[in-house]
Each structure stands twice: as C-alpha cells, then as structure tokens.
file work-v1.cif (mmCIF, C-alpha atoms)
data_my_file
loop_
_atom_site.label_atom_id
_atom_site.label_comp_id
_atom_site.auth_asym_id
_atom_site.auth_seq_id
_atom_site.Cartn_x
_atom_site.Cartn_y
_atom_site.Cartn_z
CA MET G 1 45.39 108.98 -61.87
CA PRO G 2 47.85 111.92 -61.81
CA ASP G 3 45.33 113.97 -63.86
CA ILE G 4 42.58 113.13 -61.39
CA ILE G 5 44.77 114.13 -58.43
CA GLU G 6 45.75 117.41 -60.06
CA SER G 7 42.09 118.25 -60.63
CA LEU G 8 41.14 117.77 -56.97
CA PRO G 9 40.60 120.90 -54.88
CA ARG G 10 43.36 121.75 -52.44
CA ILE G 11 42.97 121.62 -48.69
CA ASP G 12 42.84 125.04 -47.05
CA THR G 13 46.21 126.37 -45.90
CA ILE G 14 46.67 128.52 -42.80
CA ASP G 15 49.84 130.21 -41.57
CA GLY G 16 50.65 131.50 -38.12
CA VAL G 17 48.39 129.16 -36.18
CA THR G 18 48.44 129.63 -32.40
CA PRO G 19 47.06 127.19 -29.80
CA ASP G 20 44.04 129.48 -29.35
CA ILE G 21 43.32 129.63 -33.07
CA PHE G 22 43.70 125.87 -33.31
CA ALA G 23 41.37 125.20 -30.37
CA GLN G 24 38.77 127.87 -31.06
CA ALA G 25 38.60 128.02 -34.86
CA ILE G 26 40.17 124.99 -36.51
CA LEU G 27 38.95 122.17 -34.25
CA PRO G 28 35.27 123.26 -34.11
CA ALA G 29 35.13 123.54 -37.91
CA SER G 30 35.96 119.82 -38.34
CA ARG G 31 37.64 120.47 -41.68
CA PRO G 32 41.16 119.44 -42.73
CA VAL G 33 43.71 122.24 -42.61
CA LEU G 34 47.29 122.36 -43.86
CA ILE G 35 49.57 124.35 -41.53
CA ARG G 36 52.69 125.30 -43.43
CA GLY G 37 55.91 125.35 -41.44
CA LEU G 38 54.31 124.50 -38.10
CA VAL G 39 57.30 122.43 -36.96
CA ALA G 40 59.92 123.96 -39.24
CA ASP G 41 62.11 124.79 -36.23
CA TRP G 42 62.40 121.17 -35.09
CA PRO G 43 65.94 119.73 -35.09
CA ALA G 44 64.42 116.65 -36.73
CA VAL G 45 63.17 118.76 -39.64
CA ARG G 46 66.57 120.40 -40.01
CA HIS G 47 68.13 116.95 -40.34
CA GLY G 48 65.35 115.83 -42.67
CA ARG G 49 65.93 118.74 -45.01
CA ALA G 50 69.66 117.91 -45.07
CA GLY G 51 68.92 114.51 -46.60
CA ALA G 52 68.25 110.86 -45.85
CA GLN G 53 71.64 110.08 -44.36
CA PRO G 54 71.68 112.98 -41.84
CA MET G 55 68.11 112.18 -40.80
CA ALA G 56 68.88 108.48 -40.46
CA HIS G 57 71.94 109.24 -38.34
CA TYR G 58 69.92 111.57 -36.11
CA LEU G 59 67.23 108.98 -35.44
CA LYS G 60 69.68 106.14 -34.93
CA THR G 61 71.52 108.11 -32.24
CA LEU G 62 68.20 108.39 -30.35
CA ASP G 63 67.20 104.73 -30.75
CA THR G 64 66.82 102.79 -27.49
CA GLY G 65 67.30 99.51 -29.34
CA HIS G 66 63.90 98.04 -28.47
CA PRO G 67 62.34 95.98 -31.30
CA THR G 68 59.29 97.50 -32.96
CA THR G 69 56.95 96.51 -35.79
CA VAL G 70 58.49 96.69 -39.26
CA LEU G 71 56.38 95.82 -42.30
CA GLU G 72 58.16 94.40 -45.33
CA ALA G 73 56.74 93.89 -48.82
CA HIS G 74 58.23 92.78 -52.13
CA ASN G 75 58.54 95.24 -54.99
CA GLY G 76 55.52 93.83 -56.81
CA VAL G 77 53.07 95.50 -54.41
CA GLN G 78 54.25 98.93 -55.62
CA GLY G 79 54.25 100.24 -52.07
CA ARG G 80 50.57 99.44 -51.46
CA PHE G 81 50.21 97.58 -48.15
CA SER G 82 46.95 95.69 -48.39
CA TYR G 83 45.50 92.18 -48.82
CA SER G 84 46.43 89.13 -50.83
CA ALA G 85 44.26 88.46 -53.89
CA ASP G 86 41.68 86.38 -51.98
CA MET G 87 41.92 88.58 -48.83
CA SER G 88 42.78 85.59 -46.66
CA GLU G 89 46.21 87.06 -45.91
CA PHE G 90 48.10 90.31 -46.34
CA ASN G 91 50.61 91.22 -49.06
CA PHE G 92 53.40 91.98 -46.58
CA ASN G 93 55.29 90.38 -43.72
CA LYS G 94 55.43 91.75 -40.20
CA ARG G 95 58.85 91.65 -38.53
CA PHE G 96 60.15 92.85 -35.17
CA LYS G 97 63.36 94.82 -35.48
CA THR G 98 64.97 97.91 -34.04
CA ILE G 99 64.25 101.27 -35.61
CA SER G 100 67.89 101.44 -36.65
CA ALA G 101 67.69 98.10 -38.47
CA GLY G 102 64.57 99.21 -40.31
CA ILE G 103 66.22 102.49 -41.28
CA ASP G 104 69.24 100.61 -42.62
CA GLN G 105 66.92 98.53 -44.82
CA ILE G 106 65.38 101.65 -46.29
CA LEU G 107 68.75 103.25 -46.91
CA ALA G 108 70.10 100.11 -48.58
CA ALA G 109 67.22 100.17 -51.11
CA MET G 110 67.26 103.87 -51.89
CA ASP G 111 69.14 103.62 -55.18
CA HIS G 112 67.31 100.53 -56.40
CA PRO G 113 65.04 101.25 -59.41
CA ASN G 114 62.33 98.91 -58.10
CA PRO G 115 62.99 98.50 -54.37
CA PRO G 116 61.30 96.28 -51.82
CA TYR G 117 59.23 98.25 -49.34
CA THR G 118 59.87 98.83 -45.64
CA TYR G 119 57.47 100.55 -43.28
CA ILE G 120 58.25 101.27 -39.61
CA GLN G 121 54.71 101.92 -38.53
CA SER G 122 53.01 103.76 -35.66
CA THR G 123 55.88 103.50 -33.16
CA VAL G 124 55.34 105.34 -29.86
CA ILE G 125 58.22 107.78 -29.63
CA LYS G 126 58.50 107.93 -25.83
CA ASP G 127 59.22 104.18 -25.75
CA TYR G 128 61.70 104.01 -28.63
CA LEU G 129 63.17 107.50 -29.18
CA PRO G 130 62.50 109.25 -25.85
CA ASP G 131 65.08 112.02 -26.29
CA PHE G 132 63.28 113.07 -29.48
CA LEU G 133 60.49 114.55 -27.34
CA ALA G 134 62.65 117.09 -25.53
CA GLU G 135 64.10 118.44 -28.79
CA ASN G 136 60.97 118.42 -30.98
CA ILE G 137 58.03 119.99 -29.16
CA ASN G 138 54.64 120.38 -30.75
CA PRO G 139 53.59 124.05 -30.51
CA LEU G 140 49.84 123.33 -30.55
CA LEU G 141 49.23 120.26 -28.42
CA PRO G 142 49.89 119.45 -24.75
CA PRO G 143 52.76 117.08 -23.89
CA ALA G 144 50.29 114.48 -22.64
CA ILE G 145 49.38 113.67 -26.26
CA ALA G 146 52.07 111.13 -27.11
CA PRO G 147 53.38 111.25 -30.70
CA ARG G 148 54.19 108.30 -32.94
CA ILE G 149 56.74 107.99 -35.72
CA TRP G 150 56.31 106.49 -39.19
CA ILE G 151 59.39 105.80 -41.35
CA SER G 152 59.29 104.33 -44.86
CA ASN G 153 60.36 104.48 -48.44
CA ALA G 154 57.77 105.25 -51.17
CA THR G 155 54.81 103.45 -49.60
CA ARG G 156 51.06 103.94 -49.80
CA ALA G 157 48.64 103.80 -46.88
CA GLN G 158 45.28 102.71 -48.25
CA THR G 159 42.29 104.96 -47.59
CA HIS G 160 41.17 104.61 -43.96
CA ASN G 161 39.94 106.75 -41.11
CA ASP G 162 40.62 107.13 -37.39
CA ASN G 163 38.44 107.53 -34.32
CA ASP G 164 40.79 110.31 -33.20
CA HIS G 165 41.81 113.73 -34.40
CA ASN G 166 45.18 113.55 -36.15
CA LEU G 167 47.93 116.12 -36.49
CA ALA G 168 50.47 114.74 -38.97
CA CYS G 169 53.87 116.49 -39.14
CA VAL G 170 56.37 115.72 -41.90
CA ALA G 171 59.98 115.63 -40.69
CA ALA G 172 61.64 114.19 -43.83
CA GLY G 173 60.56 113.50 -47.40
CA ARG G 174 57.23 114.47 -48.94
CA ARG G 175 53.74 113.12 -48.35
CA ARG G 176 50.53 113.46 -50.33
CA PHE G 177 47.21 113.19 -48.48
CA ILE G 178 43.95 112.62 -50.33
CA LEU G 179 41.02 113.17 -47.99
CA PHE G 180 37.32 112.31 -48.14
CA PRO G 181 34.53 113.52 -45.81
CA PRO G 182 33.13 110.92 -43.38
CA GLU G 183 29.91 110.50 -45.36
CA GLN G 184 31.85 109.10 -48.34
CA LEU G 185 31.95 105.74 -46.54
CA LYS G 186 29.35 104.37 -48.98
CA ASN G 187 31.55 105.18 -52.00
CA LEU G 188 34.94 103.95 -50.76
CA TYR G 189 34.40 100.17 -50.74
CA ILE G 190 35.73 99.63 -47.22
CA GLY G 191 36.93 96.14 -46.28
CA PRO G 192 36.22 94.14 -43.10
CA MET G 193 36.64 95.69 -39.66
CA ASP G 194 37.91 92.53 -37.97
CA HIS G 195 40.56 91.50 -40.52
CA THR G 196 42.66 94.56 -41.29
CA PRO G 197 46.28 95.14 -42.30
CA SER G 198 47.03 97.54 -39.45
CA GLY G 199 44.03 97.85 -37.15
CA ARG G 200 41.74 100.11 -39.19
CA ALA G 201 39.43 99.04 -41.99
CA ILE G 202 40.79 100.13 -45.38
CA SER G 203 39.37 100.83 -48.82
CA LEU G 204 39.79 98.00 -51.30
CA ALA G 205 39.89 100.50 -54.17
CA SER G 206 43.27 101.74 -55.34
CA LEU G 207 43.53 105.47 -55.99
CA GLU G 208 46.73 105.14 -58.01
CA GLU G 209 45.25 102.59 -60.43
CA PRO G 210 41.48 103.13 -60.05
CA ASP G 211 39.27 100.32 -61.35
CA PHE G 212 35.98 102.10 -61.98
CA ALA G 213 34.43 98.99 -63.52
CA ARG G 214 34.86 97.12 -60.22
CA PHE G 215 34.37 100.16 -57.96
CA PRO G 216 32.05 102.53 -59.88
CA ARG G 217 31.05 104.66 -56.87
CA LEU G 218 34.71 105.60 -56.37
CA LYS G 219 34.07 108.33 -58.94
CA ASP G 220 31.53 109.89 -56.57
CA ALA G 221 34.03 109.71 -53.71
CA LEU G 222 36.65 111.48 -55.82
CA ASP G 223 34.15 114.22 -56.63
CA ALA G 224 34.14 114.98 -52.88
CA ALA G 225 37.88 114.53 -52.30
CA MET G 226 40.61 117.05 -51.51
CA VAL G 227 44.37 116.79 -51.81
CA THR G 228 47.49 118.35 -50.34
CA GLU G 229 51.23 117.73 -50.30
CA LEU G 230 53.46 118.26 -47.27
CA GLU G 231 57.12 119.23 -47.20
CA PRO G 232 59.39 118.89 -44.15
CA GLY G 233 58.10 121.19 -41.40
CA ASP G 234 54.48 121.13 -42.60
CA ALA G 235 51.58 119.74 -40.58
CA LEU G 236 48.12 118.53 -41.57
CA TYR G 237 45.14 118.47 -39.25
CA VAL G 238 42.83 115.56 -40.11
CA PRO G 239 39.56 115.64 -38.12
CA LYS G 240 38.45 112.32 -36.70
CA TYR G 241 36.41 110.10 -39.01
CA TRP G 242 37.76 111.78 -42.19
CA TRP G 243 38.99 109.18 -44.67
CA HIS G 244 42.56 109.68 -45.84
CA HIS G 245 44.90 108.05 -48.33
CA VAL G 246 48.60 108.73 -47.72
CA GLN G 247 51.38 108.47 -50.30
CA SER G 248 55.02 108.73 -49.26
CA LEU G 249 56.62 110.38 -52.27
CA SER G 250 60.34 110.19 -51.43
CA PRO G 251 62.82 107.32 -51.05
CA PHE G 252 63.12 108.17 -47.33
CA ASN G 253 60.17 109.56 -45.39
CA VAL G 254 59.58 110.38 -41.72
CA LEU G 255 56.25 111.49 -40.30
CA ILE G 256 55.35 112.30 -36.69
CA ASN G 257 51.67 112.14 -35.81
CA TYR G 258 49.52 112.91 -32.78
CA TRP G 259 46.16 111.25 -32.09
CA TRP G 260 43.68 112.55 -29.54
CA GLY G 261 40.00 113.10 -28.92
CA ASN G 262 38.54 109.59 -28.90
CA SER G 263 36.35 108.81 -25.91
CA ALA G 264 37.24 106.09 -23.45
CA PRO G 265 36.33 102.48 -24.39
CA THR G 266 33.13 102.36 -22.33
CA VAL G 267 29.50 101.64 -23.06
CA GLU G 268 29.13 105.36 -23.93
CA ASN G 269 31.68 105.15 -26.73
CA PRO G 270 29.85 105.39 -30.11
CA MET G 271 31.72 102.30 -31.29
CA SER G 272 30.08 100.34 -28.47
CA ALA G 273 26.67 101.41 -29.77
CA PHE G 274 27.67 100.49 -33.32
CA LEU G 275 28.78 96.99 -32.30
CA ALA G 276 25.58 96.54 -30.29
CA ALA G 277 23.60 97.61 -33.36
CA LEU G 278 25.40 94.99 -35.44
CA LEU G 279 24.05 92.38 -33.05
CA SER G 280 20.56 93.77 -32.59
CA LEU G 281 19.59 95.63 -35.79
CA LYS G 282 21.56 94.34 -38.78
CA ASP G 283 19.47 91.22 -39.44
CA ILE G 284 15.99 92.34 -38.36
CA SER G 285 13.16 92.50 -40.89
CA PRO G 286 12.93 95.36 -43.40
CA ALA G 287 9.81 96.66 -41.67
CA ASP G 288 11.58 96.71 -38.31
CA LYS G 289 14.52 98.54 -39.86
CA VAL G 290 12.17 101.28 -41.06
CA TYR G 291 10.94 101.77 -37.49
CA TRP G 292 14.35 101.75 -35.85
CA LYS G 293 15.85 104.03 -38.48
CA ALA G 294 13.06 106.50 -37.71
CA MET G 295 13.77 106.14 -33.98
CA PHE G 296 17.49 106.82 -34.39
CA ASP G 297 16.96 109.69 -36.83
CA HIS G 298 14.37 111.31 -34.55
CA TYR G 299 15.75 110.78 -31.06
CA ILE G 300 19.49 110.19 -31.49
CA PHE G 301 20.55 112.18 -34.55
CA GLN G 302 17.69 114.70 -34.15
CA VAL G 303 17.50 115.36 -37.89
CA ASP G 304 14.35 117.47 -37.45
CA GLY G 305 15.43 119.37 -34.33
CA ASP G 306 14.67 118.77 -30.67
CA PRO G 307 12.32 115.75 -30.55
CA MET G 308 11.11 116.59 -27.04
CA ALA G 309 10.47 120.32 -27.39
CA HIS G 310 6.73 119.72 -26.96
CA VAL G 311 7.18 118.01 -23.57
CA PRO G 312 7.87 119.92 -20.33
CA PRO G 313 11.58 119.53 -19.41
CA ALA G 314 10.76 117.91 -16.09
CA ARG G 315 8.82 115.18 -17.91
CA GLN G 316 11.21 114.42 -20.78
CA GLY G 317 12.96 111.57 -18.98
CA GLY G 318 15.88 109.92 -20.72
CA LEU G 319 14.94 111.52 -24.04
CA GLY G 320 15.67 114.97 -22.62
CA ARG G 321 18.81 116.51 -21.16
CA HIS G 322 20.98 114.13 -19.17
CA ASP G 323 22.37 114.88 -15.74
CA ALA G 324 24.50 112.41 -13.78
CA LYS G 325 21.44 110.80 -12.16
CA MET G 326 19.67 110.37 -15.51
CA ARG G 327 22.76 108.84 -17.14
CA LYS G 328 23.07 106.36 -14.30
CA GLY G 329 19.41 105.42 -14.72
CA ILE G 330 19.87 104.77 -18.44
CA PHE G 331 23.00 102.74 -17.77
CA ASP G 332 21.19 100.66 -15.11
CA SER G 333 18.33 99.98 -17.52
CA LEU G 334 20.79 98.88 -20.20
CA ARG G 335 22.61 96.61 -17.78
CA LYS G 336 19.31 94.95 -16.76
CA LEU G 337 18.48 94.32 -20.42
CA ILE G 338 21.88 92.76 -21.05
CA GLU G 339 21.53 90.58 -17.97
CA GLY G 340 18.03 89.50 -19.04
CA ARG G 341 16.30 91.27 -16.18
CA GLY G 342 14.68 94.08 -18.18
#

call {"tool": "encode", "arguments": {"input": "work-v1.cif", "output": "structure tokens"}}
result
Amino acid sequence: MPDIIESLPRIDTIDGVTPDIFAQAILPASRPVLIRGLVADWPAVRHGRAGAQPMAHYLKTLDTGHPTTVLEAHNGVQGRFSYSADMSEFNFNKRFKTISAGIDQILAAMDHPNPPYTYIQSTVIKDYLPDFLAENINPLLPPAIAPRIWISNATRAQTHNDNDHNLACVAAGRRRFILFPPEQLKNLYIGPMDHTPSGRAISLASLEEPDFARFPRLKDALDAAMVTELEPGDALYVPKYWWHHVQSLSPFNVLINYWWGNSAPTVENPMSAFLAALLSLKDISPADKVYWKAMFDHYIFQVDGDPMAHVPPARQGGLGRHDAKMRKGIFDSLRKLIEGRG
C-alpha cells in the first residue's frame, strides 16, 4: 500500500488564504485544498510542535473534567476502528472518561512497540476545553462554528464522508488524508447506514491492506483518489460529501475540526428525500425504476438543462422557480400524501 499511496496525486496546496479567498474561490470550487500554516500561530500548535508531553500538559490544564467518549481497542486491530468479523459488533470498546484520563492512556502507551489504541473522538471544545477557544481562533470561519477536538495515538479512521464542509486543523502529530470524490460511492464498498462505528457509514475495504479479490472496484476508487499529509499548523478543507480516510501517523496526535454547511433536519433536507426514496422507490419493479429515474434525472437533477424552458414561467407550477408561496404549496401537497388525503 505505501507504493499505491505514493503514486496518488497530491491535493492542491494554497498559501496566504484570506476569508474572502476562502469564501469566494475555495468553497465554490468544491475541491479539497491543503492550506499550509493556516493555524501555525496557535498556542496549541506551539505546544504540539514542542512534543507530546508539552501538548498533553497544555490540554490537561484546560480540561473541565467532564467525561467524554473515549474509544479503546486492543493492539490486534492495528489502529483500525471498525467492525467485528461478522459485523454484529465493533472491534473497540466505548468508555466515558475525562480528556485528561484519555491523554494519560495515550502517553502511557507511547513507547510500547505494539500499543493498544485510544481515540478521544469528536469532543465539542466549548463544553470540555472552553478556554482553548479564546487562545486558538480560526482565521477563516466565524466563531459560531463550534470546533471539535480529536486526540489519539496511531489510529485509522475508515473511509467515510460527512454532510458538512470540514476544515481539519492539525495541532500535534501528523495526519494523512486520502480523499475520494463523492461519485466514488459505488467503488468504496460502504457498510450500513444504521449500524456504524461512529455515526457515519464507513468503507469495509482497508486501504492499508487492500483486498482486491474481495473488493475489486477499490482499484477504480484509488484511480480517482488524492492524498496529502498535514504537519502541525496545517489545515485541510474537505468539501461535504467527499469521502476521506484519515491516518494518524504519530504516537500522539491532536486535530481540531470545524463542520458547517449542512441544512437543517427538515423535510427539505436531501437526506429526508433519500430516506423517503428508500421507502417508496427501492423495491418497486424494474420498469417503474426506469420511469422514476427518468423523472429524477429530468426534473430534479436537470441533466439535460432546464426541463421547463418550453413552458411560460407563469405556467410552470412547482416544476419551475419556487417562491415562498410555491414552496408552501408543495409542502402542503406532500403533507396530504403522507396523511393519506392526497
């Protein structure tokens, strides 16, 4: 696998990114971008560059002492947090401990040649390390976007995606990201959505020990993949829906990430439409699927352009542009269908 990783194209790198450049050029492009040194001036990064012990001391002095989620796995999993062999369970245990206790576990295993694995995962900083926020300010995003902290030894986060944009900032250690465009879904062998290790569906295919006999289309996914490595102070923008595999490469790693951009959990959220489609379209006849695929391609995804260009705007109805009144009418029609009054 190292030869495969080395052969992957590198993610574009940009220096000197301002909020305007980020908002007007990077976000609209919907492509991953590595921003070298974005948070290099953070006190956290200064401690991270000094070593594991200074960084651990810094974080422990900020710890409120509230228990958080700490994942623990034996050394046989090789840092890969995933499923048991039959997928009925997971290959790790979930504990509730303070950040300081989790950090002490990582430190205690640092010199072990084959250590157990500890992962303090997705912890909201304002609730557990609130003073961190005043000292380590993101130069691109508004304060309303609440960061999370991830602390671990040499763990692997299996390939997954998010419904949000992600800005991942390394404060200590090194991280490797392998990214795949959203359309590589079909080649990544994604597991179930409702039985996941950490809330997001993950790929069942290992990138470190690829089994191309079991997962042959993984080769096609790798043909579309990109890779980058982050040092302390670096940040990676991952557009929403991009698949990413994350390797923590050091015995002590700290990452701060920011998620934003997902719509509210309402009927207008695309996930709501997807779940409704699971109920209404997944098991219909092949002939019906042909029809509804054509309907979605034509009217929703508009693969051939504006489907209503031949109809006067005033007569396009719900298939045309939506104002507030039209959206309410569509919602009312949907509600009547759900209630059996359509």

call {"tool": "residues_near_point", "arguments": {"input": "work-v1.cif", "point": "(62.2, 99.5, -53.4)", "cutoff": "8 Å", "atoms": "only C-alpha atoms", "output": "VMD selection string"}}
result
chain G and resid 74 to 75 109 to 110 112 to 117 153 to 154

call {"tool": "closest_residue", "arguments": {"input": "work-v1.cif", "among": "G:Ile151, G:Ile35, G:Ala73, G:Ile120", "to": "Phe96 of chain G", "atoms": "all atoms listed in the file"}}
result
G:Ile120

call {"tool": "resolve_selection", "arguments": {"input": "work-v1.cif", "expression": "the PyMOL selection byres ((chain G and resi 232-235) around 7)", "output": "VMD selection string"}}
result
chain G and resid 34 to 40 45 48 to 49 167 to 174 230 to 231 236 to 237

call {"tool": "closest_atom_pairs", "arguments": {"input": "work-v1.cif", "of": "segment 74-181 of chain G", "to": "segment 216-222 of chain G", "cutoff": "12 Å", "atoms": "all atoms listed in the file", "output": "JSON lines"}}
result
{"residue": "G:Thr159", "atom": "CA", "partner": "G:Ala221", "partner_atom": "CA", "distance": 11.3}
{"residue": "G:Ile178", "atom": "CA", "partner": "G:Leu222", "partner_atom": "CA", "distance": 9.2}
{"residue": "G:Leu179", "atom": "CA", "partner": "G:Leu222", "partner_atom": "CA", "distance": 9.1}
{"residue": "G:Phe180", "atom": "CA", "partner": "G:Ala221", "partner_atom": "CA", "distance": 7.0}
{"residue": "G:Pro181", "atom": "CA", "partner": "G:Ala221", "partner_atom": "CA", "distance": 8.8}

call {"tool": "write_last_selection", "arguments": {"input": "work-v1.cif", "atoms": "C-alpha atoms", "output": "mmCIF file, in the frame of the given file"}}
result
data_model
loop_
_atom_site.group_PDB
_atom_site.id
_atom_site.type_symbol
_atom_site.label_atom_id
_atom_site.label_comp_id
_atom_site.auth_asym_id
_atom_site.auth_seq_id
_atom_site.Cartn_x
_atom_site.Cartn_y
_atom_site.Cartn_z
ATOM 1 C CA THR G 159 42.290 104.960 -47.590
ATOM 2 C CA ILE G 178 43.950 112.620 -50.330
ATOM 3 C CA LEU G 179 41.020 113.170 -47.990
ATOM 4 C CA PHE G 180 37.320 112.310 -48.140
ATOM 5 C CA PRO G 181 34.530 113.520 -45.810
#

call {"tool": "residues_around", "arguments": {"input": "work-v1.cif", "residues": "Pro28 of chain G", "least_positions_apart": "4", "cutoff": "12 Å", "atoms": "all atoms listed in the file", "output": "compact mmCIF listing (two decimals) with C-alpha atoms, keeping the file's coordinate frame"}}
result
# COMPACT_ATOMS: atom_id res chain seq x y z
CA ASP G 20 44.04 129.48 -29.35
CA ILE G 21 43.32 129.63 -33.07
CA PHE G 22 43.70 125.87 -33.31
CA ALA G 23 41.37 125.20 -30.37
CA GLN G 24 38.77 127.87 -31.06
CA PRO G 32 41.16 119.44 -42.73
CA HIS G 165 41.81 113.73 -34.40
CA PRO G 239 39.56 115.64 -38.12
CA LYS G 240 38.45 112.32 -36.70

call {"tool": "resolve_selection", "arguments": {"input": "work-v1.cif", "expression": "the PyMOL selection byres ((chain G and resi 87-89) around 12)", "output": "PyMOL selection string"}}
result
chain G and resi 81-86+90-94+191-192+195-197+204

call {"tool": "closest_residue", "arguments": {"input": "work-v1.cif", "among": "G:Met193, G:Leu337, G:Ala108, G:Ile145", "to": "Gly261 of chain G", "atoms": "only C-alpha atoms"}}
result
G:Ile145

call {"tool": "build_atoms", "arguments": {"input": "work-v1.cif", "residues": "segment 325-334 of chain G", "atoms": "all heavy atoms", "output": "PDB file, in the frame of the given file"}}
result
ATOM      1  N   LYS G 325      22.442 111.759 -12.649  1.00  0.00           N
ATOM      2  CA  LYS G 325      21.440 110.800 -12.160  1.00  0.00           C
ATOM      3  C   LYS G 325      20.720 110.136 -13.332  1.00  0.00           C
ATOM      4  O   LYS G 325      20.480 108.921 -13.324  1.00  0.00           O
ATOM      5  CB  LYS G 325      20.446 111.517 -11.258  1.00  0.00           C
ATOM      6  CG  LYS G 325      19.387 110.597 -10.670  1.00  0.00           C
ATOM      7  CD  LYS G 325      18.444 111.358  -9.741  1.00  0.00           C
ATOM      8  CE  LYS G 325      17.363 110.445  -9.184  1.00  0.00           C
ATOM      9  NZ  LYS G 325      16.428 111.190  -8.290  1.00  0.00           N
ATOM     10  N   MET G 326      20.384 110.927 -14.356  1.00  0.00           N
ATOM     11  CA  MET G 326      19.670 110.370 -15.510  1.00  0.00           C
ATOM     12  C   MET G 326      20.572 109.388 -16.267  1.00  0.00           C
ATOM     13  O   MET G 326      20.126 108.313 -16.692  1.00  0.00           O
ATOM     14  CB  MET G 326      19.220 111.493 -16.435  1.00  0.00           C
ATOM     15  CG  MET G 326      18.431 111.014 -17.651  1.00  0.00           C
ATOM     16  SD  MET G 326      16.924 110.125 -17.181  1.00  0.00           S
ATOM     17  CE  MET G 326      15.996 111.496 -16.481  1.00  0.00           C
ATOM     18  N   ARG G 327      21.856 109.732 -16.444  1.00  0.00           N
ATOM     19  CA  ARG G 327      22.760 108.840 -17.140  1.00  0.00           C
ATOM     20  C   ARG G 327      22.910 107.518 -16.396  1.00  0.00           C
ATOM     21  O   ARG G 327      22.967 106.446 -17.007  1.00  0.00           O
ATOM     22  CB  ARG G 327      24.123 109.506 -17.333  1.00  0.00           C
ATOM     23  CG  ARG G 327      24.074 110.731 -18.220  1.00  0.00           C
ATOM     24  CD  ARG G 327      25.428 111.410 -18.335  1.00  0.00           C
ATOM     25  NE  ARG G 327      26.307 110.673 -19.219  1.00  0.00           N
ATOM     26  CZ  ARG G 327      26.345 110.807 -20.534  1.00  0.00           C
ATOM     27  NH1 ARG G 327      25.526 111.653 -21.130  1.00  0.00           N
ATOM     28  NH2 ARG G 327      27.180 110.104 -21.278  1.00  0.00           N
ATOM     29  N   LYS G 328      22.974 107.594 -15.088  1.00  0.00           N
ATOM     30  CA  LYS G 328      23.070 106.360 -14.300  1.00  0.00           C
ATOM     31  C   LYS G 328      21.823 105.510 -14.468  1.00  0.00           C
ATOM     32  O   LYS G 328      21.890 104.284 -14.589  1.00  0.00           O
ATOM     33  CB  LYS G 328      23.286 106.680 -12.819  1.00  0.00           C
ATOM     34  CG  LYS G 328      23.442 105.435 -11.937  1.00  0.00           C
ATOM     35  CD  LYS G 328      23.673 105.803 -10.493  1.00  0.00           C
ATOM     36  CE  LYS G 328      23.911 104.545  -9.651  1.00  0.00           C
ATOM     37  NZ  LYS G 328      22.804 103.561  -9.748  1.00  0.00           N
ATOM     38  N   GLY G 329      20.641 106.166 -14.523  1.00  0.00           N
ATOM     39  CA  GLY G 329      19.410 105.420 -14.720  1.00  0.00           C
ATOM     40  C   GLY G 329      19.361 104.710 -16.057  1.00  0.00           C
ATOM     41  O   GLY G 329      18.938 103.554 -16.154  1.00  0.00           O
ATOM     42  N   ILE G 330      19.828 105.391 -17.106  1.00  0.00           N
ATOM     43  CA  ILE G 330      19.870 104.770 -18.440  1.00  0.00           C
ATOM     44  C   ILE G 330      20.842 103.600 -18.439  1.00  0.00           C
ATOM     45  O   ILE G 330      20.548 102.524 -18.976  1.00  0.00           O
ATOM     46  CB  ILE G 330      20.264 105.816 -19.499  1.00  0.00           C
ATOM     47  CG1 ILE G 330      19.184 106.887 -19.604  1.00  0.00           C
ATOM     48  CG2 ILE G 330      20.484 105.141 -20.848  1.00  0.00           C
ATOM     49  CD1 ILE G 330      19.576 108.056 -20.482  1.00  0.00           C
ATOM     50  N   PHE G 331      22.002 103.814 -17.826  1.00  0.00           N
ATOM     51  CA  PHE G 331      23.000 102.740 -17.770  1.00  0.00           C
ATOM     52  C   PHE G 331      22.444 101.534 -17.012  1.00  0.00           C
ATOM     53  O   PHE G 331      22.627 100.381 -17.441  1.00  0.00           O
ATOM     54  CB  PHE G 331      24.280 103.235 -17.114  1.00  0.00           C
ATOM     55  CG  PHE G 331      25.377 102.204 -17.078  1.00  0.00           C
ATOM     56  CD1 PHE G 331      26.190 101.989 -18.174  1.00  0.00           C
ATOM     57  CD2 PHE G 331      25.586 101.426 -15.945  1.00  0.00           C
ATOM     58  CE1 PHE G 331      27.191 101.035 -18.150  1.00  0.00           C
ATOM     59  CE2 PHE G 331      26.583 100.469 -15.914  1.00  0.00           C
ATOM     60  CZ  PHE G 331      27.387 100.274 -17.011  1.00  0.00           C
ATOM     61  N   ASP G 332      21.764 101.772 -15.882  1.00  0.00           N
ATOM     62  CA  ASP G 332      21.190 100.660 -15.110  1.00  0.00           C
ATOM     63  C   ASP G 332      20.142  99.912 -15.920  1.00  0.00           C
ATOM     64  O   ASP G 332      20.062  98.675 -15.863  1.00  0.00           O
ATOM     65  CB  ASP G 332      20.577 101.193 -13.806  1.00  0.00           C
ATOM     66  CG  ASP G 332      21.627 101.644 -12.803  1.00  0.00           C
ATOM     67  OD1 ASP G 332      22.808 101.264 -12.967  1.00  0.00           O
ATOM     68  OD2 ASP G 332      21.267 102.382 -11.867  1.00  0.00           O
ATOM     69  N   SER G 333      19.336 100.637 -16.687  1.00  0.00           N
ATOM     70  CA  SER G 333      18.330  99.980 -17.520  1.00  0.00           C
ATOM     71  C   SER G 333      18.986  99.117 -18.591  1.00  0.00           C
ATOM     72  O   SER G 333      18.550  97.990 -18.867  1.00  0.00           O
ATOM     73  CB  SER G 333      17.432 101.036 -18.180  1.00  0.00           C
ATOM     74  OG  SER G 333      16.703 101.765 -17.214  1.00  0.00           O
ATOM     75  N   LEU G 334      20.054  99.645 -19.192  1.00  0.00           N
ATOM     76  CA  LEU G 334      20.790  98.880 -20.200  1.00  0.00           C
ATOM     77  C   LEU G 334      21.403  97.624 -19.595  1.00  0.00           C
ATOM     78  O   LEU G 334      21.321  96.529 -20.185  1.00  0.00           O
ATOM     79  CB  LEU G 334      21.876  99.753 -20.816  1.00  0.00           C
ATOM     80  CG  LEU G 334      22.792  99.098 -21.851  1.00  0.00           C
ATOM     81  CD1 LEU G 334      21.991  98.602 -23.040  1.00  0.00           C
ATOM     82  CD2 LEU G 334      23.864 100.085 -22.309  1.00  0.00           C
TER      83      LEU G 334
END
